[in-house]
Every structure is written in structure tokens, then in C-alpha cells.
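start_25.txt (compact mmCIF, C-alpha atoms)
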# COMPACT_ATOMS: atom_id res chain seq x y z
CA MET A 1 100.10 -46.93 13.89
CA THR A 2 102.64 -45.63 11.41
CA TRP A 3 105.41 -47.92 10.21
CA ASN A 4 108.09 -48.01 7.53
CA LEU A 5 108.08 -51.64 6.33
CA GLN A 6 111.39 -51.53 4.39
CA GLY A 7 109.98 -52.93 1.16
CA ARG A 8 111.51 -56.26 0.15
CA VAL A 9 114.94 -55.65 1.61
CA GLY A 10 116.71 -58.75 2.91
CA ASP A 11 114.70 -61.75 4.07
CA TRP A 12 111.49 -59.84 3.43
CA GLN A 13 109.13 -62.82 3.56
CA GLU A 14 110.32 -63.73 7.07
CA ARG A 15 110.21 -60.05 7.99
CA GLU A 16 106.63 -59.86 6.75
CA LYS A 17 105.65 -62.62 9.16
CA ALA A 18 107.18 -60.59 12.00
CA ILE A 19 105.44 -57.42 10.76
CA ARG A 20 102.08 -59.19 10.80
CA ALA A 21 102.75 -60.62 14.27
CA HIS A 22 103.46 -57.16 15.67
CA MET A 23 100.30 -55.81 13.99
CA GLU A 24 98.24 -58.60 15.53
CA LEU A 25 99.76 -57.90 18.93
CA ILE A 26 99.02 -54.14 18.85
CA ASP A 27 95.73 -54.53 16.93
CA PRO A 28 95.51 -50.87 15.79
CA ASP A 29 92.38 -49.46 14.15
CA VAL A 30 94.35 -47.73 11.40
CA MET A 31 97.87 -48.26 10.06
CA MET A 32 99.74 -45.82 7.82
CA LEU A 33 102.51 -47.73 6.02
CA GLN A 34 105.61 -46.54 4.19
CA GLU A 35 107.85 -48.53 1.84
CA SER A 36 104.96 -50.92 1.36
CA TRP A 37 105.62 -53.02 -1.74
CA VAL A 38 103.39 -53.22 -4.81
CA GLU A 39 103.80 -55.40 -7.89
CA ASN A 40 103.13 -54.16 -11.42
CA GLY A 41 99.54 -55.24 -12.05
CA GLY A 42 99.78 -57.62 -9.10
CA PRO A 43 99.18 -57.67 -5.37
CA THR A 44 100.06 -55.01 -2.84
CA GLN A 45 101.63 -55.68 0.54
CA ALA A 46 98.87 -53.67 2.22
CA GLY A 47 96.27 -55.81 0.48
CA VAL A 48 98.00 -59.05 1.46
CA LEU A 49 98.36 -57.99 5.10
CA ALA A 50 94.81 -56.62 5.22
CA GLU A 51 93.41 -59.92 4.00
CA MET A 52 95.39 -61.84 6.62
CA LEU A 53 94.26 -59.44 9.35
CA ASP A 54 90.63 -59.25 8.15
CA ARG A 55 90.99 -55.53 7.41
CA TYR A 56 90.59 -53.11 4.50
CA SER A 57 93.34 -51.31 2.60
CA VAL A 58 94.22 -48.65 0.05
CA SER A 59 97.60 -48.06 -1.60
CA ALA A 60 99.13 -45.36 -3.77
CA GLU A 61 100.11 -47.94 -6.39
CA ARG A 62 99.18 -45.60 -9.26
CA LEU A 63 102.16 -43.46 -8.20
CA ALA A 64 104.61 -46.36 -8.49
CA GLY A 65 107.35 -45.93 -11.08
CA PHE A 66 106.55 -48.88 -13.34
CA ASP A 67 105.92 -46.52 -16.29
CA ARG A 68 109.60 -45.58 -16.15
CA TYR A 69 110.94 -48.93 -14.94
CA PRO A 70 108.54 -51.58 -16.31
CA ALA A 71 110.96 -54.41 -15.52
CA ALA A 72 111.12 -53.52 -11.81
CA PRO A 73 109.96 -56.55 -9.78
CA TYR A 74 108.25 -54.27 -7.26
CA TRP A 75 107.94 -50.65 -6.12
CA VAL A 76 107.35 -49.09 -2.72
CA VAL A 77 104.52 -46.66 -1.94
CA ASN A 78 102.50 -45.36 0.98
CA ALA A 79 99.45 -47.38 2.02
CA ILE A 80 96.76 -47.49 4.69
CA ILE A 81 95.13 -50.45 6.44
CA SER A 82 91.90 -49.96 8.40
CA ARG A 83 89.67 -51.94 10.73
CA TRP A 84 86.69 -50.36 8.94
CA PRO A 85 86.02 -49.90 5.22
CA VAL A 86 88.31 -47.26 3.73
CA GLU A 87 88.02 -45.05 0.66
CA LEU A 88 90.98 -43.52 -1.16
CA VAL A 89 90.52 -39.74 -1.25
CA ASP A 90 93.71 -38.96 -3.19
CA ALA A 91 97.36 -39.81 -3.70
CA ILE A 92 99.44 -36.73 -4.48
CA PRO A 93 103.14 -36.35 -5.39
CA LEU A 94 105.13 -33.91 -3.25
CA PRO A 95 107.53 -31.41 -4.86
CA ASP A 96 111.16 -30.62 -4.15
CA GLU A 97 112.44 -27.15 -3.30
CA HIS A 98 112.38 -26.23 -6.99
CA GLY A 99 108.72 -27.13 -7.36
CA VAL A 100 109.46 -30.29 -9.33
CA PRO A 101 107.23 -33.28 -8.40
CA THR A 102 109.11 -36.18 -6.79
CA TRP A 103 108.24 -39.83 -6.23
CA ARG A 104 107.58 -38.92 -2.57
CA HIS A 105 103.86 -38.56 -2.01
CA VAL A 106 100.95 -38.44 0.43
CA VAL A 107 98.00 -40.83 0.43
CA ILE A 108 94.75 -39.55 1.95
CA ALA A 109 91.87 -41.79 2.96
CA GLU A 110 88.42 -41.63 4.52
CA ILE A 111 87.95 -44.18 7.28
CA LEU A 112 84.29 -45.25 7.17
CA ARG A 113 83.87 -45.90 10.87
CA PRO A 114 80.23 -46.60 11.79
CA THR A 115 78.19 -43.68 13.10
CA SER A 116 77.56 -45.64 16.30
CA LEU A 117 81.32 -45.55 17.00
CA GLY A 118 81.79 -41.87 16.14
CA GLY A 119 81.47 -41.77 12.37
CA PRO A 120 83.99 -41.32 9.54
CA PHE A 121 87.31 -39.50 9.84
CA ARG A 122 90.28 -38.84 7.58
CA VAL A 123 93.87 -40.00 7.77
CA ALA A 124 96.96 -39.45 5.67
CA GLY A 125 100.24 -41.27 5.28
CA THR A 126 103.49 -39.95 3.85
CA HIS A 127 107.23 -40.52 3.53
CA LEU A 128 109.52 -37.54 2.98
CA GLU A 129 112.96 -37.25 1.37
CA HIS A 130 115.85 -38.78 3.28
CA GLY A 131 119.40 -37.52 3.71
CA LEU A 132 120.97 -35.32 6.37
CA HIS A 133 121.53 -32.58 3.78
CA ARG A 134 118.00 -32.58 2.31
CA SER A 135 116.24 -30.33 4.83
CA ALA A 136 115.32 -27.83 2.10
CA THR A 137 113.61 -30.58 0.11
CA ARG A 138 111.75 -31.88 3.14
CA ASP A 139 110.72 -28.35 4.07
CA ALA A 140 109.20 -27.86 0.62
CA GLN A 141 107.46 -31.22 0.92
CA CYS A 142 106.12 -30.32 4.38
CA ARG A 143 104.73 -27.04 3.05
CA ALA A 144 103.04 -28.82 0.16
CA LEU A 145 101.82 -31.51 2.57
CA ALA A 146 100.28 -28.91 4.90
CA THR A 147 98.51 -27.24 1.98
CA VAL A 148 97.06 -30.51 0.71
CA LEU A 149 96.01 -31.70 4.16
CA ALA A 150 94.45 -28.37 5.12
CA GLU A 151 92.13 -28.83 2.16
CA ALA A 152 91.46 -32.46 3.08
CA ALA A 153 90.66 -31.44 6.68
CA GLY A 154 87.72 -29.35 5.48
CA PRO A 155 86.90 -25.65 5.03
CA ALA A 156 88.80 -23.42 7.44
CA ASP A 157 85.62 -21.97 8.96
CA HIS A 158 84.25 -25.45 9.70
CA ARG A 159 87.32 -27.27 11.07
CA ARG A 160 86.28 -26.58 14.67
CA GLU A 161 83.15 -28.61 13.96
CA LEU A 162 84.96 -31.60 12.45
CA PRO A 163 87.16 -34.39 13.79
CA PRO A 164 90.86 -33.84 13.13
CA LEU A 165 92.85 -35.41 10.33
CA VAL A 166 95.48 -37.86 11.59
CA LEU A 167 98.83 -37.89 9.81
CA GLY A 168 101.29 -40.76 10.11
CA GLY A 169 104.59 -41.09 8.37
CA ASP A 170 108.32 -41.41 8.11
CA LEU A 171 109.23 -37.73 7.86
CA ASN A 172 113.00 -38.37 7.87
CA ALA A 173 113.47 -35.33 10.11
CA VAL A 174 114.12 -34.79 13.80
CA PRO A 175 111.62 -32.87 15.96
CA TRP A 176 113.73 -29.68 16.14
CA SER A 177 114.27 -29.45 12.37
CA ASP A 178 112.88 -26.56 10.34
CA GLU A 179 110.51 -28.87 8.49
CA ILE A 180 108.91 -30.39 11.61
CA ARG A 181 108.70 -26.99 13.28
CA THR A 182 106.76 -25.74 10.26
CA LEU A 183 104.24 -28.57 10.61
CA THR A 184 103.78 -28.20 14.37
CA GLY A 185 103.59 -24.42 14.49
CA ALA A 186 106.85 -24.06 16.42
CA SER A 187 107.76 -21.73 13.54
CA THR A 188 105.51 -19.92 11.06
CA PRO A 189 103.03 -22.50 9.68
CA ALA A 190 102.88 -23.22 5.99
CA VAL A 191 99.11 -22.65 6.10
CA ASP A 192 97.87 -19.85 8.29
CA GLY A 193 95.92 -21.23 11.24
CA PHE A 194 96.53 -24.90 10.43
CA VAL A 195 99.10 -26.99 12.31
CA PHE A 196 99.68 -30.49 13.70
CA VAL A 197 100.17 -31.78 17.23
CA ASP A 198 103.01 -34.29 17.63
CA ALA A 199 101.47 -37.22 19.54
CA TRP A 200 104.79 -38.22 21.12
CA ASP A 201 105.27 -34.79 22.69
CA ALA A 202 101.59 -34.35 23.53
CA THR A 203 101.64 -37.28 25.95
CA GLY A 204 104.67 -35.97 27.83
CA ASN A 205 106.99 -38.78 26.84
CA GLU A 206 110.35 -38.15 28.48
CA SER A 207 112.38 -40.55 26.35
CA ARG A 208 113.71 -39.52 22.93
CA GLY A 209 111.53 -42.05 21.15
CA ASP A 210 114.11 -42.86 18.48
CA THR A 211 112.50 -44.83 15.67
CA TRP A 212 115.74 -45.22 13.67
CA SER A 213 117.81 -46.80 16.40
CA ALA A 214 121.15 -48.55 16.83
CA ALA A 215 119.27 -50.92 19.14
CA ASN A 216 117.73 -52.38 15.98
CA PRO A 217 120.15 -54.75 14.21
CA ARG A 218 118.59 -53.81 10.85
CA VAL A 219 120.02 -50.30 11.19
CA PRO A 220 123.52 -50.45 9.65
CA SER A 221 126.19 -50.71 12.32
CA ARG A 222 128.07 -47.81 10.73
CA ALA A 223 125.05 -45.67 9.86
CA VAL A 224 126.04 -42.01 9.47
CA HIS A 225 123.61 -40.87 12.14
CA PRO A 226 121.65 -43.57 14.00
CA ASN A 227 119.42 -42.86 17.00
CA ARG A 228 116.93 -40.33 15.66
CA ARG A 229 113.16 -39.87 15.94
CA LEU A 230 112.06 -39.79 12.32
CA ASP A 231 108.55 -41.29 12.43
CA TYR A 232 105.47 -39.47 13.71
CA VAL A 233 101.77 -39.60 14.39
CA MET A 234 100.32 -36.09 14.25
CA ILE A 235 96.82 -34.70 14.76
CA SER A 236 95.56 -31.62 12.94
CA TRP A 237 94.40 -28.44 14.65
CA PRO A 238 91.96 -26.69 14.80
CA ARG A 239 89.37 -29.39 15.33
CA ALA A 240 86.09 -30.09 17.08
CA ARG A 241 86.15 -29.56 20.84
CA GLY A 242 86.92 -32.77 22.69
CA LYS A 243 88.25 -34.53 19.61
CA GLY A 244 91.88 -35.40 18.94
CA HIS A 245 93.12 -35.81 22.50
CA VAL A 246 96.13 -38.15 22.60
CA GLU A 247 95.75 -40.72 25.36
CA SER A 248 99.11 -42.41 24.83
CA CYS A 249 101.94 -42.74 22.34
CA PHE A 250 104.49 -45.53 22.28
CA LEU A 251 106.89 -47.47 20.06
CA ALA A 252 106.22 -50.95 18.69
CA GLY A 253 108.27 -53.48 16.75
CA THR A 254 111.13 -52.91 19.19
CA ASP A 255 111.83 -56.62 19.70
CA PRO A 256 112.32 -59.56 17.33
CA ILE A 257 109.61 -62.13 16.65
CA ASN A 258 111.04 -65.66 16.53
CA GLY A 259 114.48 -64.09 16.15
CA VAL A 260 113.42 -61.84 13.24
CA TRP A 261 113.53 -58.04 13.43
CA ALA A 262 110.61 -56.77 11.37
CA THR A 263 112.08 -53.66 9.71
CA ASP A 264 114.80 -51.06 10.16
CA HIS A 265 112.30 -48.64 11.75
CA PHE A 266 110.28 -48.93 14.93
CA ALA A 267 106.56 -48.24 14.61
CA VAL A 268 104.84 -45.34 16.36
CA CYS A 269 101.45 -46.06 17.91
CA ALA A 270 99.08 -43.46 19.33
CA GLU A 271 95.71 -43.73 21.06
CA VAL A 272 93.76 -40.75 19.75
CA ASP A 273 90.23 -39.91 20.89
CA LEU A 274 88.27 -39.31 17.69

Transcribe the structure of this file into C-alpha cells.
Amino acid sequence: MTWNLQGRVGDWQEREKAIRAHMELIDPDVMMLQESWVENGGPTQAGVLAEMLDRYSVSAERLAGFDRYPAAPYWVVNAIISRWPVELVDAIPLPDEHGVPTWRHVVIAEILRPTSLGGPFRVAGTHLEHGLHRSATRDAQCRALATVLAEAAGPADHRRELPPLVLGGDLNAVPWSDEIRTLTGASTPAVDGFVFVDAWDATGNESRGDTWSAANPRVPSRAVHPNRRLDYVMISWPRARGKGHVESCFLAGTDPINGVWATDHFAVCAEVDL
């Protein structure tokens, strides 16, 4: 599952109850979270949810901006929750089109799944720049993301022997954008011979799959451009034969829980054979 949790916007404590309820209903093995709150020297939302769900978590809290804004009550970062123990591999800032690091970042983790269930695999979560006019920034971030994840996926001459890396995130870009086409190989890849499969497309979904949707009351009624697919689960390629097949891909969080809509994004869930 990948899901933008919308930080502490609005009635966030009631929203968090709805978020947890949806997570319990879907019961995913791994969750990549965006806009997951962290407190300065205090708890993290991923940690709180993981404890409630009897899971494990890592967060990119070291990339929060408390050094610049020490009085901020909280910050939002990317985080990962796992059914199995999880180790933080790295949390890396992503640059803009001028090569300047931004607060946008990728968090990479090793999921320590037992050998009896298939063994460890790697996942990554990210959240790219927003704004209709920021395609150039997102494209630079996607190119940096591909470079970082190609390294995390293992040596190029061994990737066909390894399970794929699974990427989940709010990419703030539609499927036909330059930046997504770069990631999926629909245009020249950022890293030669390394691309990602979009789980939504791979399963032959015929609907648009909008994750930022006017059907969600938390999306502003006069949003500049509602009804877009901005959130993705992607699987790296090349990879070991028989690994990475997408069994299904669907949206979650598309209904309120006890009258509460969880966040302004729908979650994307994918069943991936790893």
C-alpha cells in the first residue's frame, strides 16, 4: 500500500482513526506513507500506527526541517510500515532541476521477511514536488530517484537474480507526463536498462484510478485540477524470473469510516508476487 496521510491537516486525530481502520481492513504487508507526521524528538505517526497494528516502522525523520524551524510543532516525511522487521537503508534528499537538494526525499528500506516466506526484499517510498507547472522539477527528481534506486536494487549484472524493488509514492504527476514516462521506460530511461512497471497498468485496469478525486470531500471543491492519478505502486525491472508479477491493483480509503474521510488522497494497493 502507498498512501498520502495529509499530515495533521484538519481533524487529524479523527482522521488517524479512519486511517488505521482502513489499514486494518486491507491488512497490507508493507505500507509506504507520505506526509506522515513526526515530532521534534518525539513520536512518529508511522511508529504510533505500527504499534497499534503490531507492525514495524522506519521514518525519514532525520530529514525533517526542525533545524531550520525548531518551533514547528511537527513535520511531514516519508515512512514505511512492515509486517516483518524492517531496516532503514537510507533516506536521501531529491534535487530540483538546478541540482539543488530539496526537502522532497526517498526513504529506502530492507524488509526482513523470513526465508521460509521468500526472504528479504527492498522497498522505497517517495513524494515528489507538487504543482501543475513543476514538471521540470519532478523530472529531475525522477531521474535522481531512478539513479538512487538502481543502486539500491543491486548490481546491474545481478538484478535478474534478485527480487525487484517496490516503489510506492505520491509522484504528483499523471501517467502520461514526461516524469512518469521516464520512470516506466515509455521514454528514454534515466538509468540505462533500469525501469519500473506501473502496477495499475500492469493489471489491465480500465478505470482511470484517480487518487486525487473530486469524489473525496477532502479535495477542495474548487481545486485547480481534481480527478488525477498521482499515486503509484511500481516494481523495478529487470528482476529475477517469476518475481514481481502484479496479481491485482486497487484503490483503498475511498469511503468514510464512521463519517470521517481519512485523507485527501486515496491509497493504492497492489498484490505483488515477491

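By chain and then residue number, the residues within 8 Å of A:Gly65 are A:Pro70, A:Trp75, A:Trp103, counting all atoms listed in the file and disregarding those fewer than 5 positions away in sequence.
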
Would you save the residues from that selection as a PDB file, in the coordinates of the input, using C-alpha atoms?
ATOM      1  CA  PRO A  70     108.540 -51.580 -16.310  1.00  0.00           C
ATOM      2  CA  TRP A  75     107.940 -50.650  -6.120  1.00  0.00           C
ATOM      3  CA  TRP A 103     108.240 -39.830  -6.230  1.00  0.00           C
TER       4      TRP A 103
END

ask   = Between A:Trp84, A:Trp261, A:Phe121, A:Phe266, which has the minimum distance to A:Asp11 (counting only C-alpha atoms)?
value = A:Trp261

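Residue nearest A:Pro73, chosen from A:Trp200, A:Phe194, A:Tyr56, A:Trp37 and counting only C-alpha atoms: A:Trp37.
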
inquiry  = Rounded to one decimal, what separation in Å do you get between atom CA of A:Pro101 and atom CA of A:Pro226?
reply    = 28.6 Å

Around all the atoms of stretch 100-105 of chain A listed in the file, with 5 Å of room on each side, what axis-aligned box do you get, giving centre and edge lengths in Å to one decimal, as JSON?
{"center_x": 106.7, "center_y": -35.1, "center_z": -5.7, "size_x": 15.6, "size_y": 19.5, "size_z": 17.3}

key: Which residue of A:Leu145, A:Met52, A:His133, A:Pro43 approaches A:Ala91 most closely, using all atoms listed in the file   =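 So, comparing all the options, the nearest one is A:Leu145.
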
ask   = Can you tell me, as a ChimeraX atom specification, what residues are no more than 8 Å from A:Leu53 when counting all atoms listed in the file, ignoring any on the same chain fewer than 2 positions away?
value = /A:20,24,49-51,55

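For stretch 166-169 of chain A, the set of protein, DNA and RNA residues having any atom at most 7 Å away, when counting only C-alpha atoms and skipping those fewer than 4 positions along the same chain, is Thr2, Met32, Gln34, Arg122, Val123, Ala124, Gly125, Thr126, His127, Asp231, Tyr232, Val233, Met234, Ile235 and Ser236 of chain A.
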
Nearest residue to A:Cys142 from the set A:Asp96, A:Glu206, A:Asp157, A:Asp27 (distances using all atoms listed in the file) = A:Asp96

Because the input lacks atoms here, generate N, CA and C atoms for stretch 5-40 of chain A and report them as a PDB file, in the frame of the given file.
ATOM      1  N   LEU A   5     107.951 -50.189   6.410  1.00  0.00           N
ATOM      2  CA  LEU A   5     108.080 -51.640   6.330  1.00  0.00           C
ATOM      3  C   LEU A   5     109.312 -52.121   5.565  1.00  0.00           C
ATOM      4  N   GLN A   6     110.101 -51.216   5.015  1.00  0.00           N
ATOM      5  CA  GLN A   6     111.390 -51.530   4.390  1.00  0.00           C
ATOM      6  C   GLN A   6     111.256 -52.402   3.141  1.00  0.00           C
ATOM      7  N   GLY A   7     110.133 -52.253   2.440  1.00  0.00           N
ATOM      8  CA  GLY A   7     109.980 -52.930   1.160  1.00  0.00           C
ATOM      9  C   GLY A   7     110.299 -54.412   1.206  1.00  0.00           C
ATOM     10  N   ARG A   8     111.105 -54.849   0.218  1.00  0.00           N
ATOM     11  CA  ARG A   8     111.510 -56.260   0.150  1.00  0.00           C
ATOM     12  C   ARG A   8     113.005 -56.412   0.415  1.00  0.00           C
ATOM     13  N   VAL A   9     113.523 -55.577   1.265  1.00  0.00           N
ATOM     14  CA  VAL A   9     114.940 -55.650   1.610  1.00  0.00           C
ATOM     15  C   VAL A   9     115.201 -56.912   2.433  1.00  0.00           C
ATOM     16  N   GLY A  10     116.292 -57.595   2.118  1.00  0.00           N
ATOM     17  CA  GLY A  10     116.710 -58.750   2.910  1.00  0.00           C
ATOM     18  C   GLY A  10     115.713 -59.897   2.860  1.00  0.00           C
ATOM     19  N   ASP A  11     115.591 -60.596   3.975  1.00  0.00           N
ATOM     20  CA  ASP A  11     114.700 -61.750   4.070  1.00  0.00           C
ATOM     21  C   ASP A  11     113.266 -61.269   4.278  1.00  0.00           C
ATOM     22  N   TRP A  12     112.734 -60.580   3.261  1.00  0.00           N
ATOM     23  CA  TRP A  12     111.490 -59.840   3.430  1.00  0.00           C
ATOM     24  C   TRP A  12     110.293 -60.717   3.748  1.00  0.00           C
ATOM     25  N   GLN A  13     110.277 -61.957   3.276  1.00  0.00           N
ATOM     26  CA  GLN A  13     109.130 -62.820   3.560  1.00  0.00           C
ATOM     27  C   GLN A  13     109.095 -63.214   5.041  1.00  0.00           C
ATOM     28  N   GLU A  14     110.269 -63.469   5.622  1.00  0.00           N
ATOM     29  CA  GLU A  14     110.320 -63.730   7.070  1.00  0.00           C
ATOM     30  C   GLU A  14     110.015 -62.456   7.839  1.00  0.00           C
ATOM     31  N   ARG A  15     110.514 -61.327   7.338  1.00  0.00           N
ATOM     32  CA  ARG A  15     110.210 -60.050   7.990  1.00  0.00           C
ATOM     33  C   ARG A  15     108.712 -59.768   7.978  1.00  0.00           C
ATOM     34  N   GLU A  16     108.061 -60.124   6.860  1.00  0.00           N
ATOM     35  CA  GLU A  16     106.630 -59.860   6.750  1.00  0.00           C
ATOM     36  C   GLU A  16     105.835 -60.656   7.786  1.00  0.00           C
ATOM     37  N   LYS A  17     106.307 -61.841   8.108  1.00  0.00           N
ATOM     38  CA  LYS A  17     105.650 -62.620   9.160  1.00  0.00           C
ATOM     39  C   LYS A  17     105.784 -61.895  10.504  1.00  0.00           C
ATOM     40  N   ALA A  18     106.976 -61.328  10.752  1.00  0.00           N
ATOM     41  CA  ALA A  18     107.180 -60.590  12.000  1.00  0.00           C
ATOM     42  C   ALA A  18     106.353 -59.308  12.011  1.00  0.00           C
ATOM     43  N   ILE A  19     106.265 -58.628  10.866  1.00  0.00           N
ATOM     44  CA  ILE A  19     105.440 -57.420  10.760  1.00  0.00           C
ATOM     45  C   ILE A  19     103.995 -57.747  11.129  1.00  0.00           C
ATOM     46  N   ARG A  20     103.474 -58.813  10.535  1.00  0.00           N
ATOM     47  CA  ARG A  20     102.080 -59.190  10.800  1.00  0.00           C
ATOM     48  C   ARG A  20     101.889 -59.563  12.275  1.00  0.00           C
ATOM     49  N   ALA A  21     102.862 -60.243  12.856  1.00  0.00           N
ATOM     50  CA  ALA A  21     102.750 -60.620  14.270  1.00  0.00           C
ATOM     51  C   ALA A  21     102.681 -59.392  15.167  1.00  0.00           C
ATOM     52  N   HIS A  22     103.506 -58.393  14.877  1.00  0.00           N
ATOM     53  CA  HIS A  22     103.460 -57.160  15.670  1.00  0.00           C
ATOM     54  C   HIS A  22     102.112 -56.458  15.484  1.00  0.00           C
ATOM     55  N   MET A  23     101.599 -56.442  14.247  1.00  0.00           N
ATOM     56  CA  MET A  23     100.300 -55.810  13.990  1.00  0.00           C
ATOM     57  C   MET A  23      99.188 -56.520  14.753  1.00  0.00           C
ATOM     58  N   GLU A  24      99.241 -57.840  14.788  1.00  0.00           N
ATOM     59  CA  GLU A  24      98.240 -58.600  15.530  1.00  0.00           C
ATOM     60  C   GLU A  24      98.345 -58.328  17.023  1.00  0.00           C
ATOM     61  N   LEU A  25      99.557 -58.158  17.510  1.00  0.00           N
ATOM     62  CA  LEU A  25      99.760 -57.900  18.930  1.00  0.00           C
ATOM     63  C   LEU A  25      99.212 -56.537  19.337  1.00  0.00           C
ATOM     64  N   ILE A  26      99.484 -55.502  18.536  1.00  0.00           N
ATOM     65  CA  ILE A  26      99.020 -54.140  18.850  1.00  0.00           C
ATOM     66  C   ILE A  26      97.549 -53.972  18.497  1.00  0.00           C
ATOM     67  N   ASP A  27      97.106 -54.573  17.392  1.00  0.00           N
ATOM     68  CA  ASP A  27      95.730 -54.530  16.930  1.00  0.00           C
ATOM     69  C   ASP A  27      95.219 -53.097  16.739  1.00  0.00           C
ATOM     70  N   PRO A  28      95.936 -52.262  15.972  1.00  0.00           N
ATOM     71  CA  PRO A  28      95.510 -50.870  15.790  1.00  0.00           C
ATOM     72  C   PRO A  28      94.304 -50.765  14.861  1.00  0.00           C
ATOM     73  N   ASP A  29      93.531 -49.704  15.027  1.00  0.00           N
ATOM     74  CA  ASP A  29      92.380 -49.460  14.150  1.00  0.00           C
ATOM     75  C   ASP A  29      92.828 -49.056  12.757  1.00  0.00           C
ATOM     76  N   VAL A  30      93.878 -48.241  12.684  1.00  0.00           N
ATOM     77  CA  VAL A  30      94.350 -47.730  11.400  1.00  0.00           C
ATOM     78  C   VAL A  30      95.870 -47.788  11.386  1.00  0.00           C
ATOM     79  N   MET A  31      96.421 -48.196  10.228  1.00  0.00           N
ATOM     80  CA  MET A  31      97.870 -48.260  10.060  1.00  0.00           C
ATOM     81  C   MET A  31      98.268 -47.502   8.807  1.00  0.00           C
ATOM     82  N   MET A  32      99.162 -46.528   8.949  1.00  0.00           N
ATOM     83  CA  MET A  32      99.740 -45.820   7.820  1.00  0.00           C
ATOM     84  C   MET A  32     101.118 -46.444   7.545  1.00  0.00           C
ATOM     85  N   LEU A  33     101.311 -46.963   6.352  1.00  0.00           N
ATOM     86  CA  LEU A  33     102.510 -47.730   6.020  1.00  0.00           C
ATOM     87  C   LEU A  33     103.357 -47.015   4.988  1.00  0.00           C
ATOM     88  N   GLN A  34     104.659 -47.071   5.174  1.00  0.00           N
ATOM     89  CA  GLN A  34     105.610 -46.540   4.190  1.00  0.00           C
ATOM     90  C   GLN A  34     106.485 -47.689   3.686  1.00  0.00           C
ATOM     91  N   GLU A  35     107.062 -47.488   2.484  1.00  0.00           N
ATOM     92  CA  GLU A  35     107.850 -48.530   1.840  1.00  0.00           C
ATOM     93  C   GLU A  35     107.099 -49.853   1.830  1.00  0.00           C
ATOM     94  N   SER A  36     105.822 -49.759   1.483  1.00  0.00           N
ATOM     95  CA  SER A  36     104.960 -50.920   1.360  1.00  0.00           C
ATOM     96  C   SER A  36     104.998 -51.360  -0.103  1.00  0.00           C
ATOM     97  N   TRP A  37     105.361 -52.604  -0.361  1.00  0.00           N
ATOM     98  CA  TRP A  37     105.620 -53.020  -1.740  1.00  0.00           C
ATOM     99  C   TRP A  37     104.326 -53.201  -2.546  1.00  0.00           C
ATOM    100  N   VAL A  38     104.449 -52.939  -3.834  1.00  0.00           N
ATOM    101  CA  VAL A  38     103.390 -53.220  -4.810  1.00  0.00           C
ATOM    102  C   VAL A  38     104.037 -53.866  -6.021  1.00  0.00           C
ATOM    103  N   GLU A  39     103.331 -54.792  -6.654  1.00  0.00           N
ATOM    104  CA  GLU A  39     103.800 -55.400  -7.890  1.00  0.00           C
ATOM    105  C   GLU A  39     103.069 -54.773  -9.069  1.00  0.00           C
ATOM    106  N   ASN A  40     103.711 -54.755 -10.217  1.00  0.00           N
ATOM    107  CA  ASN A  40     103.130 -54.160 -11.420  1.00  0.00           C
ATOM    108  C   ASN A  40     101.949 -55.003 -11.901  1.00  0.00           C
TER     109      ASN A  40
END
